[in-house]
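**Q** So here's coords.txt (compact mmCIF, C-alpha atoms).
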# COMPACT_ATOMS: atom_id res chain seq x y z
CA MET A 10 142.08 -25.59 103.87
CA PRO A 11 140.32 -26.04 100.54
CA THR A 12 140.68 -23.43 97.84
CA THR A 13 138.28 -25.35 95.63
CA PHE A 14 135.28 -27.13 97.13
CA PRO A 15 133.70 -30.35 95.89
CA LYS A 16 130.10 -30.35 94.70
CA GLU A 17 127.31 -31.44 97.03
CA ARG A 18 127.12 -35.14 96.22
CA VAL A 19 130.86 -35.56 96.44
CA ALA A 20 130.90 -33.66 99.74
CA ARG A 21 128.22 -36.04 101.07
CA ALA A 22 130.40 -39.03 100.12
CA TRP A 23 133.46 -37.45 101.74
CA PHE A 24 131.52 -36.82 104.94
CA ASP A 25 129.96 -40.28 105.15
CA THR A 26 132.87 -42.45 104.10
CA VAL A 27 136.01 -40.53 105.10
CA LEU A 28 135.68 -37.46 107.32
CA ASN A 29 133.02 -38.54 109.83
CA PRO A 30 134.44 -42.05 110.38
CA LEU A 31 137.99 -40.70 110.73
CA ILE A 32 137.02 -37.99 113.21
CA ARG A 33 135.25 -40.64 115.32
CA VAL A 34 138.16 -43.11 115.34
CA LEU A 35 140.80 -40.44 115.94
CA ARG A 36 138.87 -39.20 118.99
CA GLU A 37 138.58 -42.81 120.17
CA GLU A 38 142.33 -43.40 119.74
CA SER A 39 143.03 -40.31 121.79
CA ARG A 40 140.48 -41.21 124.47
CA ARG A 41 141.95 -44.67 124.99
CA LEU A 42 145.53 -43.46 125.09
CA ALA A 43 144.60 -40.77 127.61
CA LYS A 44 143.70 -43.67 129.92
CA ASN A 45 147.01 -45.41 129.08
CA ASP A 46 145.05 -48.16 127.34
CA PHE A 47 147.22 -49.12 124.40
CA THR A 48 144.67 -51.79 123.38
CA TRP A 49 147.62 -54.18 123.09
CA ARG A 50 146.63 -57.81 122.58
CA VAL A 51 148.40 -61.16 122.69
CA PRO A 52 149.98 -62.37 120.36
CA GLY A 53 151.19 -58.83 119.65
CA ARG A 54 149.00 -56.21 117.95
CA PHE A 55 146.88 -53.18 118.71
CA ALA A 56 143.13 -53.84 118.82
CA ALA A 57 141.93 -50.30 118.23
CA LEU A 58 144.90 -48.26 117.00
CA LEU A 59 145.25 -48.53 113.24
CA THR A 60 146.66 -46.65 110.25
CA ILE A 61 144.37 -44.10 108.60
CA ARG A 62 143.66 -46.43 105.68
CA GLU A 63 143.05 -49.45 107.93
CA HIS A 64 140.47 -47.44 109.85
CA LEU A 65 138.37 -47.16 106.69
CA PRO A 66 136.74 -49.97 104.73
CA PRO A 67 138.47 -50.72 101.39
CA GLU A 68 135.47 -49.39 99.47
CA ALA A 69 136.13 -45.95 101.01
CA GLY A 70 139.73 -46.06 99.76
CA GLU A 71 138.97 -44.30 96.48
CA ASN A 72 137.11 -41.51 98.27
CA LEU A 73 140.10 -41.16 100.59
CA ASP A 74 142.38 -40.87 97.53
CA GLN A 75 140.08 -38.20 96.12
CA VAL A 76 140.14 -36.24 99.38
CA LEU A 77 143.94 -36.39 99.39
CA LYS A 78 144.15 -35.38 95.74
CA HIS A 79 142.14 -32.23 96.38
CA LEU A 80 143.49 -31.50 99.86
CA PRO A 81 147.15 -32.52 99.64
CA GLU A 82 147.96 -30.74 102.91
CA LEU A 83 146.13 -33.58 104.69
CA LYS A 84 148.54 -36.16 103.38
CA ALA A 85 151.44 -34.96 105.51
CA LYS A 86 149.25 -35.14 108.61
CA PHE A 87 147.97 -38.62 107.73
CA ASP A 88 151.57 -39.78 107.18
CA GLN A 89 152.54 -38.26 110.52
CA HIS A 90 149.71 -40.23 112.18
CA ASP A 91 150.80 -43.51 110.60
CA GLN A 92 154.47 -42.95 111.40
CA GLY A 93 153.55 -42.08 114.99
CA LEU A 94 151.57 -45.30 115.19
CA GLN A 95 154.50 -47.31 113.85
CA GLU A 96 156.84 -45.79 116.44
CA LEU A 97 154.31 -46.43 119.19
CA GLU A 98 153.92 -50.05 118.12
CA VAL A 99 157.68 -50.65 118.22
CA ARG A 100 157.93 -49.20 121.72
CA VAL A 101 154.85 -50.94 123.14
CA ARG A 102 155.96 -54.26 121.65
CA THR A 103 159.42 -53.92 123.22
CA TYR A 104 157.86 -53.08 126.59
CA TRP A 105 155.41 -56.01 126.39
CA GLU A 106 158.06 -58.47 125.22
CA LYS A 107 160.39 -57.47 128.04
CA LEU A 108 157.59 -58.03 130.56
CA SER A 109 156.56 -61.32 128.92
CA THR A 110 160.06 -62.73 129.29
CA SER A 111 160.72 -61.33 132.75
CA GLU A 112 161.65 -63.79 135.48
CA ASP A 113 160.19 -61.43 138.09
CA LEU A 114 156.81 -61.31 136.38
CA ALA A 115 156.85 -65.07 135.78
CA SER A 116 157.43 -65.82 139.45
CA LEU A 117 154.87 -63.24 140.60
CA THR A 118 152.31 -64.69 138.16
CA GLN A 119 153.02 -68.23 139.27
CA ARG A 120 152.68 -67.27 142.95
CA ALA A 121 149.43 -65.39 142.31
CA VAL A 122 147.94 -68.24 140.28
CA LEU A 123 148.81 -70.93 142.81
CA GLU A 124 147.60 -68.75 145.67
CA SER A 125 144.31 -68.11 143.83
CA THR A 126 143.82 -71.78 143.09
CA GLU A 127 144.24 -72.58 146.78
CA ALA A 128 142.09 -69.69 147.93
CA LYS A 129 139.28 -70.22 145.46
CA GLY A 130 139.30 -73.97 144.91
CA LEU A 131 138.41 -74.74 141.32
CA GLY A 132 136.20 -71.76 140.45
CA ALA A 133 136.69 -70.14 137.10
CA TYR A 134 140.34 -71.00 137.22
CA SER A 135 140.95 -74.70 137.16
CA PHE A 136 143.99 -75.78 135.23
CA GLY A 137 147.07 -74.76 137.21
CA TYR A 138 149.89 -72.46 136.25
CA GLU A 139 151.07 -72.34 132.66
CA LYS A 140 154.09 -70.47 131.35
CA GLN A 141 152.03 -68.74 128.63
CA PHE A 142 150.03 -66.83 131.27
CA VAL A 143 152.90 -64.38 131.68
CA ALA A 144 152.30 -62.90 128.22
CA TYR A 145 148.63 -62.28 129.15
CA VAL A 146 149.49 -60.68 132.48
CA ALA A 147 152.05 -58.57 130.59
CA GLU A 148 149.22 -57.43 128.28
CA TYR A 149 147.11 -56.39 131.27
CA ILE A 150 150.05 -54.48 132.75
CA VAL A 151 150.84 -52.71 129.46
CA ASN A 152 147.18 -51.65 129.11
CA ALA A 153 146.96 -50.60 132.79
CA MET A 154 143.91 -52.84 133.19
CA GLU A 155 141.43 -52.30 135.98
CA ASP A 156 139.94 -55.43 137.58
CA LEU A 157 139.12 -58.21 135.12
CA PRO A 158 135.52 -59.47 134.96
CA SER A 159 135.07 -62.70 136.91
CA TYR A 160 134.71 -64.86 133.78
CA TYR A 161 138.34 -64.23 132.81
CA ASN A 162 140.52 -67.19 133.68
CA LEU A 163 143.15 -64.96 135.21
CA SER A 164 140.66 -62.70 136.98
CA VAL A 165 141.32 -64.06 140.47
CA PRO A 166 145.13 -63.78 140.43
CA TRP A 167 145.02 -60.48 138.52
CA ASN A 168 142.41 -58.85 140.74
CA LEU A 169 144.07 -60.07 143.94
CA ARG A 170 147.57 -58.96 142.98
CA ARG A 171 146.84 -56.17 140.52
CA LYS A 172 148.69 -53.50 142.50
CA GLU A 173 151.82 -55.65 142.68
CA PHE A 174 151.63 -56.48 139.00
CA LEU A 175 151.22 -52.81 138.10
CA ALA A 176 154.00 -51.80 140.49
CA LEU A 177 156.42 -53.71 138.26
CA ARG A 178 155.98 -50.89 135.75
CA ASP A 179 157.90 -48.60 138.08
CA SER A 180 160.91 -50.91 138.48
CA GLN A 181 163.79 -51.15 136.02
CA PRO A 182 164.13 -52.04 133.21
CA PHE A 183 160.34 -51.69 132.72
CA ALA A 184 160.09 -48.09 133.94
CA ALA A 185 162.38 -46.89 131.16
CA LEU A 186 160.53 -48.92 128.52
CA ARG A 187 157.19 -47.72 129.81
CA ALA A 188 158.39 -44.10 129.71
CA ARG A 189 159.47 -44.56 126.10
CA ALA A 190 156.07 -46.05 125.22
CA GLU A 191 154.24 -43.24 127.03
CA ASP A 192 156.33 -40.59 125.27
CA ALA A 193 155.39 -42.10 121.93
CA SER A 194 151.79 -42.35 123.09
CA LEU A 195 151.67 -38.67 124.03
CA ALA A 196 153.20 -37.66 120.70
CA PHE A 197 150.70 -39.86 118.88
CA ARG A 198 147.77 -38.44 120.85
CA ILE A 199 148.79 -34.91 119.95
CA ILE A 200 148.86 -35.87 116.28
CA ALA A 201 145.50 -37.67 116.53
CA ASP A 202 143.90 -34.67 118.29
CA GLU A 203 145.34 -32.15 115.83
CA LEU A 204 144.25 -34.26 112.90
CA ALA A 205 140.74 -34.68 114.30
CA ASP A 206 140.50 -30.90 114.89
CA MET A 207 141.74 -30.25 111.37
CA LEU A 208 139.15 -32.61 109.88
CA VAL A 209 136.37 -31.05 111.98
CA GLU A 210 137.36 -27.60 110.71
CA LEU A 211 137.52 -28.82 107.13
CA ARG A 212 134.14 -30.50 107.44
CA GLU A 213 132.63 -27.35 108.90
CA GLN A 214 133.93 -25.21 106.03
CA ILE A 215 132.66 -27.58 103.37
CA SER A 216 129.32 -27.99 105.12
CA MET A 217 128.69 -24.24 105.41
CA GLU A 218 129.97 -23.42 101.95
CA LEU A 219 127.84 -26.04 100.20
CA ASP A 220 124.93 -26.20 102.64
CA VAL A 221 125.51 -29.93 103.11
CA PRO A 222 124.61 -31.32 106.55
CA ILE A 223 127.43 -32.95 108.48
CA THR A 224 125.37 -36.07 109.07
CA MET A 225 122.16 -37.36 107.51
CA ALA A 226 120.31 -39.07 110.34
CA MET B 5 143.74 -80.97 120.35
CA ARG B 6 140.32 -80.24 118.80
CA ARG B 7 139.62 -76.92 117.14
CA ILE B 8 136.32 -75.26 118.03
CA VAL B 9 135.01 -72.14 116.28
CA VAL B 10 132.32 -69.99 117.87
CA LEU B 11 130.59 -67.98 115.15
CA ASP B 12 129.28 -64.45 115.55
CA THR B 13 126.68 -63.02 113.14
CA GLY B 14 128.96 -61.78 110.33
CA PRO B 15 130.99 -64.98 109.96
CA LEU B 16 127.88 -67.19 110.12
CA LEU B 17 126.22 -65.15 107.36
CA THR B 18 129.42 -65.12 105.32
CA TRP B 19 129.77 -68.87 105.50
CA ALA B 20 126.18 -69.45 104.34
CA CYS B 21 126.56 -66.81 101.64
CA ILE B 22 129.72 -68.42 100.22
CA ARG B 23 127.78 -71.71 99.97
CA LEU B 24 125.00 -69.97 98.05
CA LEU B 25 127.41 -68.17 95.73
CA GLN B 26 129.08 -71.48 94.90
CA GLU B 27 125.77 -73.18 94.26
CA LEU B 28 124.50 -70.38 92.03
CA GLU B 29 127.90 -70.31 90.30
CA VAL B 30 128.11 -66.55 90.68
CA MET B 31 131.19 -65.22 88.91
CA ILE B 32 134.18 -64.93 91.23
CA GLY B 33 134.53 -61.23 90.42
CA ASN B 34 130.98 -60.49 91.59
CA ARG B 35 131.26 -62.52 94.79
CA SER B 36 133.60 -60.03 96.36
CA SER B 37 131.11 -57.14 96.38
CA ILE B 38 128.29 -59.39 97.62
CA LEU B 39 130.38 -60.64 100.54
CA ALA B 40 131.51 -57.07 101.27
CA GLU B 41 127.85 -56.21 101.91
CA ILE B 42 127.99 -58.62 104.87
CA SER B 43 131.47 -57.81 106.09
CA PRO B 44 132.28 -54.24 105.07
CA GLY B 45 135.95 -53.54 105.20
CA LEU B 46 137.13 -56.86 103.84
CA GLU B 47 138.37 -57.69 100.40
CA TRP B 48 137.02 -61.06 99.33
CA THR B 49 139.19 -62.43 96.56
CA ALA B 50 138.90 -66.13 95.66
CA LEU B 51 141.82 -66.86 97.99
CA GLU B 52 140.17 -65.17 100.96
CA GLN B 53 136.90 -67.00 100.33
CA GLU B 54 138.74 -70.31 100.27
CA ARG B 55 140.73 -69.54 103.42
CA PHE B 56 137.60 -68.48 105.26
CA SER B 57 135.65 -71.57 104.20
CA ASP B 58 138.54 -73.81 105.23
CA PHE B 59 138.91 -72.07 108.58
CA VAL B 60 135.25 -72.61 109.42
CA SER B 61 134.41 -75.90 107.73
CA LYS B 62 137.57 -77.74 108.83
CA ALA B 63 136.99 -76.96 112.51
CA ASP B 64 136.15 -80.01 114.60
CA GLN B 65 133.11 -78.25 116.01
CA ARG B 66 131.21 -75.06 115.18
CA LEU B 67 129.06 -73.33 117.74
CA THR B 68 126.76 -70.37 117.72
CA THR B 69 123.89 -68.92 119.76
CA SER B 70 120.21 -68.57 119.01
CA HIS B 71 120.65 -64.77 119.33
CA VAL B 72 123.18 -64.85 116.51
CA VAL B 73 120.90 -67.01 114.36
CA THR B 74 118.00 -64.60 114.83
CA GLU B 75 120.18 -61.57 114.10
CA ALA B 76 121.66 -63.21 111.02
CA LEU B 77 118.26 -63.80 109.49
CA HIS B 78 117.41 -60.09 109.60
CA LEU B 79 118.69 -59.52 106.11
CA ARG B 80 119.34 -55.94 105.12
CA PRO B 81 116.63 -54.72 102.69
CA HIS B 82 117.94 -54.02 99.17
CA SER B 83 121.01 -56.19 99.74
CA TRP B 84 121.87 -58.93 97.26
CA LEU B 85 121.08 -61.60 99.87
CA TYR B 86 117.68 -60.03 100.56
CA GLY B 87 116.85 -60.45 96.87
CA LYS B 88 117.76 -64.14 97.10
CA SER B 89 116.31 -64.69 100.53
CA GLN B 90 114.45 -67.89 99.73
CA ALA B 91 117.50 -69.66 98.32
CA PHE B 92 119.66 -68.14 101.02
CA VAL B 93 117.54 -69.40 103.88
CA SER B 94 117.91 -73.02 102.66
CA ARG B 95 121.69 -72.63 102.59
CA PHE B 96 121.56 -70.97 105.96
CA TYR B 97 119.69 -73.93 107.43
CA GLU B 98 122.27 -76.20 105.85
CA VAL B 99 125.13 -74.48 107.69
CA LEU B 100 123.06 -74.48 110.86
CA HIS B 101 122.77 -78.23 110.47
CA GLU B 102 126.57 -78.36 110.64
CA THR B 103 126.71 -75.96 113.58
CA GLU B 104 125.63 -76.56 117.12
CA GLU B 105 123.23 -73.88 118.25
CA ARG B 106 123.04 -73.04 121.94
CA CYS B 107 120.24 -71.11 123.53
CA LEU B 108 121.50 -68.87 126.35
CA LEU B 109 118.88 -67.13 128.40
CA PHE B 110 119.60 -63.66 129.72
CA LYS B 111 119.38 -64.89 133.31
CA SER B 112 122.10 -67.46 132.74
CA ILE B 113 124.25 -64.93 130.87
CA GLN B 114 123.87 -62.57 133.79
CA ALA B 115 124.52 -65.30 136.35
CA SER B 116 127.76 -66.17 134.54
CA GLY B 117 128.96 -62.59 135.05
CA PHE B 118 128.27 -61.25 131.55
CA GLY B 119 125.51 -58.83 132.58
CA GLU B 120 127.81 -55.81 132.29
CA LEU B 121 128.94 -56.84 128.81
CA ALA B 122 125.28 -57.25 127.83
CA LYS B 123 124.60 -53.68 129.00
CA GLN B 124 127.54 -52.29 127.05
CA ASN B 125 127.48 -54.37 123.87
CA GLY B 126 124.02 -55.92 123.75
CA ILE B 127 122.76 -59.39 124.53
CA THR B 128 123.86 -61.01 121.25
CA ASP B 129 127.51 -60.09 121.86
CA ALA B 130 127.31 -61.04 125.54
CA ALA B 131 125.80 -64.43 124.71
CA VAL B 132 128.37 -65.32 122.07
CA VAL B 133 131.26 -64.25 124.33
CA CYS B 134 129.70 -66.17 127.23
CA LEU B 135 129.50 -69.26 125.01
CA ALA B 136 133.16 -68.98 123.99
CA PHE B 137 134.34 -68.56 127.58
CA THR B 138 132.15 -71.37 128.87
CA GLU B 139 133.21 -73.72 126.11
CA ALA B 140 136.91 -72.99 126.64
CA ARG B 141 136.85 -73.26 130.41
CA GLY B 142 138.84 -76.18 131.75
CA ARG B 143 139.38 -77.74 128.31
CA GLN B 144 142.52 -78.24 126.33
CA ASP B 145 140.74 -77.62 123.02
CA ARG B 146 141.59 -74.59 120.95
CA VAL B 147 138.55 -72.31 120.96
CA THR B 148 138.29 -69.32 118.61
CA LEU B 149 135.53 -66.74 118.73
CA LEU B 150 135.21 -65.45 115.17
CA THR B 151 133.64 -62.02 114.67
CA ASP B 152 133.59 -59.07 112.25
CA ASP B 153 132.83 -56.68 115.06
CA SER B 154 135.92 -54.57 115.72
CA ARG B 155 134.13 -52.83 118.61
CA LEU B 156 133.66 -56.17 120.37
CA PHE B 157 137.24 -57.15 119.53
CA ALA B 158 138.58 -53.94 121.07
CA ALA B 159 136.38 -54.30 124.16
CA LEU B 160 137.78 -57.65 125.26
CA PRO B 161 141.24 -58.15 126.77
CA SER B 162 142.92 -61.43 125.81
CA ASP B 163 142.33 -64.60 127.79
CA PRO B 164 144.65 -67.63 127.72
CA SER B 165 141.82 -70.12 127.30
CA PHE B 166 140.57 -68.92 123.92
CA GLU B 167 141.25 -66.40 121.20
CA ILE B 168 138.96 -63.78 119.78
CA CYS B 169 139.69 -63.34 116.14
CA LEU B 170 138.47 -60.82 113.57
CA THR B 171 137.57 -62.40 110.24
CA LYS B 172 140.30 -60.34 108.57
CA HIS B 173 142.87 -62.02 110.84
CA CYS B 174 141.89 -65.53 109.79
CA ILE B 175 141.87 -64.97 106.03
Let me see whether you can do it: turn the structure in this file into structure tokens.
**A**
Amino acid sequence: MPTTFPKERVARAWFDTVLNPLIRVLREESRRLAKNDFTWRVPGRFAALLTIREHLPPEAGENLDQVLKHLPELKAKFDQHDQGLQELEVRVRTYWEKLSTSEDLASLTQRAVLESTEAKGLGAYSFGYEKQFVAYVAEYIVNAMEDLPSYYNLSVPWNLRRKEFLALRDSQPFAALRARAEDASLAFRIIADELADMLVELREQISMELDVPITMA
Amino acid sequence: MRRIVVLDTGPLLTWACIRLLQELEVMIGNRSSILAEISPGLEWTALEQERFSDFVSKADQRLTTSHVVTEALHLRPHSWLYGKSQAFVSRFYEVLHETEERCLLFKSIQASGFGELAKQNGITDAAVVCLAFTEARGRQDRVTLLTDDSRLFAALPSDPSFEICLTKHCI
């Protein structure tokens, strides 16, 4: 924790551009991962899990550098967050790619799509089975999706067969890959929570010491 | 295959703003900070401006909603664009001329199943997402919903019929 404090105006800038936004996004990362929502998206990236620097706009980058210069103990924690994210990405990608290329998932998807087309007529879904759908269903499985809203093209097959799709997670080789992804997710959540707590504590100390409000509504 | 771009508020404003900056011959170095006022979090070097303009202007069709148009014209007081609002509005109308504007009423948005999204993200987001889905449905065209809104991006799972793309991903 800080041995030297910034002055009031600098503290305000740290709060507004670095500490408050980071606390918010770290809590959000943790909240999503607690629900097993990796926010994975085709063609292969996280939608809401980012590195510390990517979470902030470039114009906040210099304030972030200043925070790190004066509070070097944060750097190790930020690095830990980013390394945890990298590890998580590798494991989630492997899990998603394995599902995307799985014959079992392809045939289950094809069956569900054809069955939905017959059951529902044209409806929202009107252009037959395509091989690329498997990657999308794999995304929904990886993110443990609930029912899809009706406007999604794969909503009928997904919602009808969701339990079967999700059950694939418990069969090999997916169960092992899922476990590896969830281990990395848990480790990452712990880091995100600890980091958020650390930033809250730091913010509190600076706020009380300098009489600077945490937010200026 | 035709390429269709559905524009959310940030990208529509950015496109019109780039036109204005070119016309006023604002120095390249200054353009970056002006564009960052519209899309915080992006670095707008000359290369990014060119890539963005190409991505939007070379599409076969550009679409937006009347909600987006209305939101885009609420310029932020004290911003650079606000100071140039008269000149900006003419450029804005110029890009609107090259963009097809659709008016989606709340009842039709709701009837299409987007009522829940409207509750969570607001009617402007729901309308623009509804437009992208409707436009992509049953067509072989490549439809891209372009937005700066990372919250909207994170809220939507992928769909095989169209892609939702953050501006930073297309530049």
**Q** Can you work out which residues from chain B touch chain A at a cut-off of 10 Å (counting all atoms listed in the file) and hand them back as a ChimeraX atom specification?
**A** /B:37,40,43-47,116-118,120-121,134,137-138,140-144,154-167,170
**Q** Keeping C-alpha atoms, export the residues of the selection given above as a short mmCIF file (atom, residue, chain, number, x, y, z; two decimals), keeping the file's coordinate frame.
**A**
data_model
loop_
_atom_site.label_atom_id
_atom_site.label_comp_id
_atom_site.auth_asym_id
_atom_site.auth_seq_id
_atom_site.Cartn_x
_atom_site.Cartn_y
_atom_site.Cartn_z
CA SER B 37 131.11 -57.14 96.38
CA ALA B 40 131.51 -57.07 101.27
CA SER B 43 131.47 -57.81 106.09
CA PRO B 44 132.28 -54.24 105.07
CA GLY B 45 135.95 -53.54 105.20
CA LEU B 46 137.13 -56.86 103.84
CA GLU B 47 138.37 -57.69 100.40
CA SER B 116 127.76 -66.17 134.54
CA GLY B 117 128.96 -62.59 135.05
CA PHE B 118 128.27 -61.25 131.55
CA GLU B 120 127.81 -55.81 132.29
CA LEU B 121 128.94 -56.84 128.81
CA CYS B 134 129.70 -66.17 127.23
CA PHE B 137 134.34 -68.56 127.58
CA THR B 138 132.15 -71.37 128.87
CA ALA B 140 136.91 -72.99 126.64
CA ARG B 141 136.85 -73.26 130.41
CA GLY B 142 138.84 -76.18 131.75
CA ARG B 143 139.38 -77.74 128.31
CA GLN B 144 142.52 -78.24 126.33
CA SER B 154 135.92 -54.57 115.72
CA ARG B 155 134.13 -52.83 118.61
CA LEU B 156 133.66 -56.17 120.37
CA PHE B 157 137.24 -57.15 119.53
CA ALA B 158 138.58 -53.94 121.07
CA ALA B 159 136.38 -54.30 124.16
CA LEU B 160 137.78 -57.65 125.26
CA PRO B 161 141.24 -58.15 126.77
CA SER B 162 142.92 -61.43 125.81
CA ASP B 163 142.33 -64.60 127.79
CA PRO B 164 144.65 -67.63 127.72
CA SER B 165 141.82 -70.12 127.30
CA PHE B 166 140.57 -68.92 123.92
CA GLU B 167 141.25 -66.40 121.20
CA LEU B 170 138.47 -60.82 113.57
#
**Q** May I have the residues within 10 Å of Ala76 (chain B) as a list of chain:residue names, using only C-alpha atoms and disregarding those fewer than 3 positions away in the same chain?
**A**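 Near Ala76 (chain B), the qualifying residues are B:Asp12, B:Thr13, B:Gly14, B:Pro15, B:Leu16, B:Leu17, B:Thr18, B:Ile42, B:Ser70, B:His71, B:Val72, B:Val73, B:Leu79, B:Arg80, B:Phe96.
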**Q** Using Å and a single decimal, report how far CA of Leu177 (chain A) sits from CA of Val122 (chain A).
**A**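 That distance, rounded to one decimal, is 16.9 Å.
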**Q** Tell me, as a PyMOL selection string, which residues lie within 8 Å of Ser36 (chain B), counting all atoms listed in the file; anything in the same chain fewer than 3 positions away does not count.
**A** chain B and resi 32-33+39-40+47-49
**Q** Residues near Leu85 (chain B), anyone? I mean within 8 Å using only C-alpha atoms, not counting same-chain ones fewer than 6 positions away, as number ranges by chain.
**A** B: 21, 38, 79, 92
**Q** Taking C-alpha atoms for each residue, export the selection above as a CSV table (one decimal), in the frame of the given file.
**A**
chain,number,residue,atom,x,y,z
B,21,CYS,CA,126.6,-66.8,101.6
B,38,ILE,CA,128.3,-59.4,97.6
B,79,LEU,CA,118.7,-59.5,106.1
B,92,PHE,CA,119.7,-68.1,101.0
**Q** Just the number, please: distance in Å from CA of Lys172 (chain A) to CA of Arg120 (chain A), one decimal.
**A** 14.3 Å
**Q** In Å, how far is it from CA of Asp129 (chain B) to CA of Arg106 (chain B)?
**A**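 Computing it gives 13.7 Å between the two atoms.
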